Amino acid sequence: MGKTCISCGMPLNNKEDFGIETEMGPLCKYCINEDGSVKACAEIFTGGVKFFMDAIPGTDKELAERITRKNMSIQPYWQGKEEECLKGDQATDEEFQEALAKL
Ligand SMILES: [Zn+2]
């Protein structure tokens, strides 16, 4: 199994998607700032919502937000962090699997 971003779960099979390596694991270039620091939760969340709406036709904002919240909540980087943007309804396992299958 290939490596995935510890913040957003993006597969890092392509070198150009890779951002930085941390003690916890790798991060994709979309989750970090130019200086190599990790972007704010809300910023990564917003990017995730846009990604799922664009990537899966017919996904409305409400569902995209719940999918993104679920996706980020299971990634290693966000474990044990109390982030406001990750609080709220999450997609069900079924909705989440269905979404991933369409990517
Ligand atoms: Zn990422």
# chains A, B, ... in the order shown; residues from 1 in each chain; ligands from 1
call {"tool": "closest_atom_pairs", "arguments": {"of": "chain A", "to": "ligand 1", "cutoff": "7 Å", "atoms": "only C-alpha atoms and all ligand atoms", "output": "tab-separated table"}}
result
residue	atom	partner	partner_atom_place_in_ligand_line	distance
A:Cys5	CA	ligand 1	1 (Zn)	4.7
A:Ile6	CA	ligand 1	1 (Zn)	6.6
A:Ser7	CA	ligand 1	1 (Zn)	4.9
A:Cys8	CA	ligand 1	1 (Zn)	4.0
A:Gly9	CA	ligand 1	1 (Zn)	6.1
A:Met10	CA	ligand 1	1 (Zn)	5.6
A:Leu27	CA	ligand 1	1 (Zn)	5.3
A:Cys28	CA	ligand 1	1 (Zn)	4.2
A:Lys29	CA	ligand 1	1 (Zn)	6.6
A:Tyr30	CA	ligand 1	1 (Zn)	5.5
A:Cys31	CA	ligand 1	1 (Zn)	4.4
call {"tool": "write_last_selection", "arguments": {"atoms": "C-alpha atoms", "output": "PDB file, in the first residue's frame"}}
result
ATOM      1  CA  CYS A   5      -1.186  12.291   3.380  1.00  0.00           C
ATOM      2  CA  ILE A   6      -1.623  12.112   7.163  1.00  0.00           C
ATOM      3  CA  SER A   7      -3.889  15.163   7.052  1.00  0.00           C
ATOM      4  CA  CYS A   8      -6.244  14.634   4.101  1.00  0.00           C
ATOM      5  CA  GLY A   9      -5.664  11.015   3.122  1.00  0.00           C
ATOM      6  CA  MET A  10      -4.629  11.845  -0.407  1.00  0.00           C
ATOM      7  CA  LEU A  27       1.866  15.481   4.030  1.00  0.00           C
ATOM      8  CA  CYS A  28       0.717  16.393   0.550  1.00  0.00           C
ATOM      9  CA  LYS A  29       1.569  19.758  -0.965  1.00  0.00           C
ATOM     10  CA  TYR A  30      -2.055  20.894  -0.641  1.00  0.00           C
ATOM     11  CA  CYS A  31      -1.982  20.631   3.168  1.00  0.00           C
TER      12      CYS A  31
END
call {"tool": "select_by_dssp", "arguments": {"residues": "chain A", "states": "strand (DSSP E)", "output": "list in words"}}
result
Phe18, Gly19, Ile20, Glu21, Pro26, Leu27 and Cys28 of chain A
call {"tool": "write_last_selection", "arguments": {"atoms": "C-alpha atoms", "output": "tab-separated table (two decimals), in the first residue's frame"}}
result
chain	number	residue	atom	x	y	z
A	18	PHE	CA	4.24	15.23	-2.03
A	19	GLY	CA	4.73	18.12	0.38
A	20	ILE	CA	6.85	17.34	3.41
A	21	GLU	CA	7.83	14.40	5.57
A	26	PRO	CA	4.09	12.56	4.93
A	27	LEU	CA	1.87	15.48	4.03
A	28	CYS	CA	0.72	16.39	0.55
call {"tool": "atom_distance", "arguments": {"atom1": "CA of Arg66 (chain A)", "atom2": "CA of Gly36 (chain A)"}}
result
27.5 Å
call {"tool": "residues_around", "arguments": {"residues": "Phe96 (chain A)", "least_positions_apart": "5", "cutoff": "9 Å", "atoms": "only C-alpha atoms", "output": "number ranges by chain"}}
result
A: 66-67, 70-71, 91, 101
call {"tool": "write_last_selection", "arguments": {"atoms": "C-alpha atoms", "output": "compact mmCIF listing (two decimals), in the first residue's frame"}}
result
# COMPACT_ATOMS: atom_id res chain seq x y z
CA ARG A 66 -19.83 15.73 6.12
CA ILE A 67 -17.60 13.56 3.92
CA LYS A 70 -15.32 12.20 8.31
CA ASN A 71 -12.25 11.91 6.09
CA ALA A 91 -20.93 11.20 6.75
CA ALA A 101 -15.63 4.38 -4.54
call {"tool": "select_by_dssp", "arguments": {"residues": "region 40-71 of chain A", "states": "alpha helix (DSSP H)", "output": "PyMOL selection string"}}
result
chain A and resi 41-55+61-71
call {"tool": "write_last_selection", "arguments": {"atoms": "N, CA and C atoms", "output": "mmCIF file, in the first residue's frame"}}
result
data_model
loop_
_atom_site.group_PDB
_atom_site.id
_atom_site.type_symbol
_atom_site.label_atom_id
_atom_site.label_comp_id
_atom_site.auth_asym_id
_atom_site.auth_seq_id
_atom_site.Cartn_x
_atom_site.Cartn_y
_atom_site.Cartn_z
ATOM 1 N N CYS A 41 -6.663 24.040 9.994
ATOM 2 C CA CYS A 41 -7.716 23.032 9.812
ATOM 3 C C CYS A 41 -8.819 23.533 8.889
ATOM 4 N N ALA A 42 -9.290 24.757 9.147
ATOM 5 C CA ALA A 42 -10.413 25.298 8.380
ATOM 6 C C ALA A 42 -10.063 25.419 6.899
ATOM 7 N N GLU A 43 -8.811 25.744 6.620
ATOM 8 C CA GLU A 43 -8.389 25.905 5.237
ATOM 9 C C GLU A 43 -8.350 24.553 4.517
ATOM 10 N N ILE A 44 -7.814 23.551 5.198
ATOM 11 C CA ILE A 44 -7.762 22.209 4.619
ATOM 12 C C ILE A 44 -9.173 21.662 4.457
ATOM 13 N N PHE A 45 -10.016 21.958 5.437
ATOM 14 C CA PHE A 45 -11.409 21.518 5.377
ATOM 15 C C PHE A 45 -12.111 22.112 4.160
ATOM 16 N N THR A 46 -11.946 23.412 3.974
ATOM 17 C CA THR A 46 -12.585 24.092 2.836
ATOM 18 C C THR A 46 -12.114 23.499 1.511
ATOM 19 N N GLY A 47 -10.812 23.217 1.442
ATOM 20 C CA GLY A 47 -10.259 22.604 0.237
ATOM 21 C C GLY A 47 -10.844 21.219 0.000
ATOM 22 N N GLY A 48 -11.044 20.485 1.077
ATOM 23 C CA GLY A 48 -11.613 19.146 0.982
ATOM 24 C C GLY A 48 -13.044 19.165 0.470
ATOM 25 N N VAL A 49 -13.816 20.122 0.974
ATOM 26 C CA VAL A 49 -15.213 20.247 0.551
ATOM 27 C C VAL A 49 -15.281 20.523 -0.949
ATOM 28 N N LYS A 50 -14.423 21.437 -1.401
ATOM 29 C CA LYS A 50 -14.378 21.781 -2.822
ATOM 30 C C LYS A 50 -13.977 20.561 -3.648
ATOM 31 N N PHE A 51 -12.969 19.832 -3.137
ATOM 32 C CA PHE A 51 -12.490 18.649 -3.843
ATOM 33 C C PHE A 51 -13.616 17.635 -4.048
ATOM 34 N N PHE A 52 -14.329 17.310 -2.983
ATOM 35 C CA PHE A 52 -15.375 16.278 -3.096
ATOM 36 C C PHE A 52 -16.537 16.739 -3.971
ATOM 37 N N MET A 53 -16.856 18.046 -3.929
ATOM 38 C CA MET A 53 -17.928 18.555 -4.784
ATOM 39 C C MET A 53 -17.531 18.491 -6.250
ATOM 40 N N ASP A 54 -16.257 18.781 -6.532
ATOM 41 C CA ASP A 54 -15.772 18.744 -7.917
ATOM 42 C C ASP A 54 -15.586 17.307 -8.409
ATOM 43 N N ALA A 55 -15.068 16.455 -7.506
ATOM 44 C CA ALA A 55 -14.667 15.106 -7.916
ATOM 45 C C ALA A 55 -15.853 14.165 -8.075
ATOM 46 N N LYS A 61 -23.116 20.661 -1.090
ATOM 47 C CA LYS A 61 -22.173 21.187 -0.104
ATOM 48 C C LYS A 61 -22.331 20.503 1.253
ATOM 49 N N GLU A 62 -23.570 20.261 1.618
ATOM 50 C CA GLU A 62 -23.848 19.647 2.922
ATOM 51 C C GLU A 62 -23.202 18.273 3.017
ATOM 52 N N LEU A 63 -23.368 17.464 1.978
ATOM 53 C CA LEU A 63 -22.780 16.123 1.976
ATOM 54 C C LEU A 63 -21.256 16.212 1.888
ATOM 55 N N ALA A 64 -20.765 17.103 1.047
ATOM 56 C CA ALA A 64 -19.319 17.260 0.894
ATOM 57 C C ALA A 64 -18.672 17.651 2.226
ATOM 58 N N GLU A 65 -19.348 18.486 2.988
ATOM 59 C CA GLU A 65 -18.818 18.886 4.298
ATOM 60 C C GLU A 65 -18.767 17.703 5.248
ATOM 61 N N ARG A 66 -19.812 16.896 5.226
ATOM 62 C CA ARG A 66 -19.829 15.734 6.125
ATOM 63 C C ARG A 66 -18.793 14.692 5.715
ATOM 64 N N ILE A 67 -18.612 14.515 4.405
ATOM 65 C CA ILE A 67 -17.598 13.565 3.920
ATOM 66 C C ILE A 67 -16.206 14.060 4.318
ATOM 67 N N THR A 68 -15.960 15.349 4.124
ATOM 68 C CA THR A 68 -14.654 15.918 4.463
ATOM 69 C C THR A 68 -14.373 15.803 5.951
ATOM 70 N N ARG A 69 -15.395 16.062 6.756
ATOM 71 C CA ARG A 69 -15.242 15.979 8.210
ATOM 72 C C ARG A 69 -14.895 14.550 8.633
ATOM 73 N N LYS A 70 -15.582 13.616 8.020
ATOM 74 C CA LYS A 70 -15.318 12.198 8.308
ATOM 75 C C LYS A 70 -13.891 11.844 7.868
ATOM 76 N N ASN A 71 -13.563 12.243 6.659
ATOM 77 C CA ASN A 71 -12.253 11.911 6.089
ATOM 78 C C ASN A 71 -11.117 12.459 6.945
#
call {"tool": "closest_residue", "arguments": {"among": "A:Pro11, A:Gly2, A:Pro76, A:Pro57", "to": "Gly25 (chain A)", "atoms": "only C-alpha atoms"}}
result
A:Pro76
call {"tool": "closest_residue", "arguments": {"among": "A:Ser73, A:Trp78, A:Asp17, A:Lys3", "to": "Ala40 (chain A)", "atoms": "only C-alpha atoms"}}
result
A:Trp78
call {"tool": "atom_distance", "arguments": {"atom1": "CA of Asn13 (chain A)", "atom2": "CA of Asp93 (chain A)"}}
result
25.0 Å
call {"tool": "closest_residue", "arguments": {"among": "A:Asn33, A:Ile56, A:Glu84, A:Thr22", "to": "Leu103 (chain A)", "atoms": "only C-alpha atoms"}}
result
A:Ile56
call {"tool": "closest_residue", "arguments": {"among": "A:Glu16, A:Glu95, A:Glu23, A:Tyr77", "to": "Lys39 (chain A)", "atoms": "only C-alpha atoms"}}
result
A:Tyr77
call {"tool": "atom_distance", "arguments": {"atom1": "CA of Val38 (chain A)", "atom2": "CA of Lys15 (chain A)"}}
result
18.4 Å
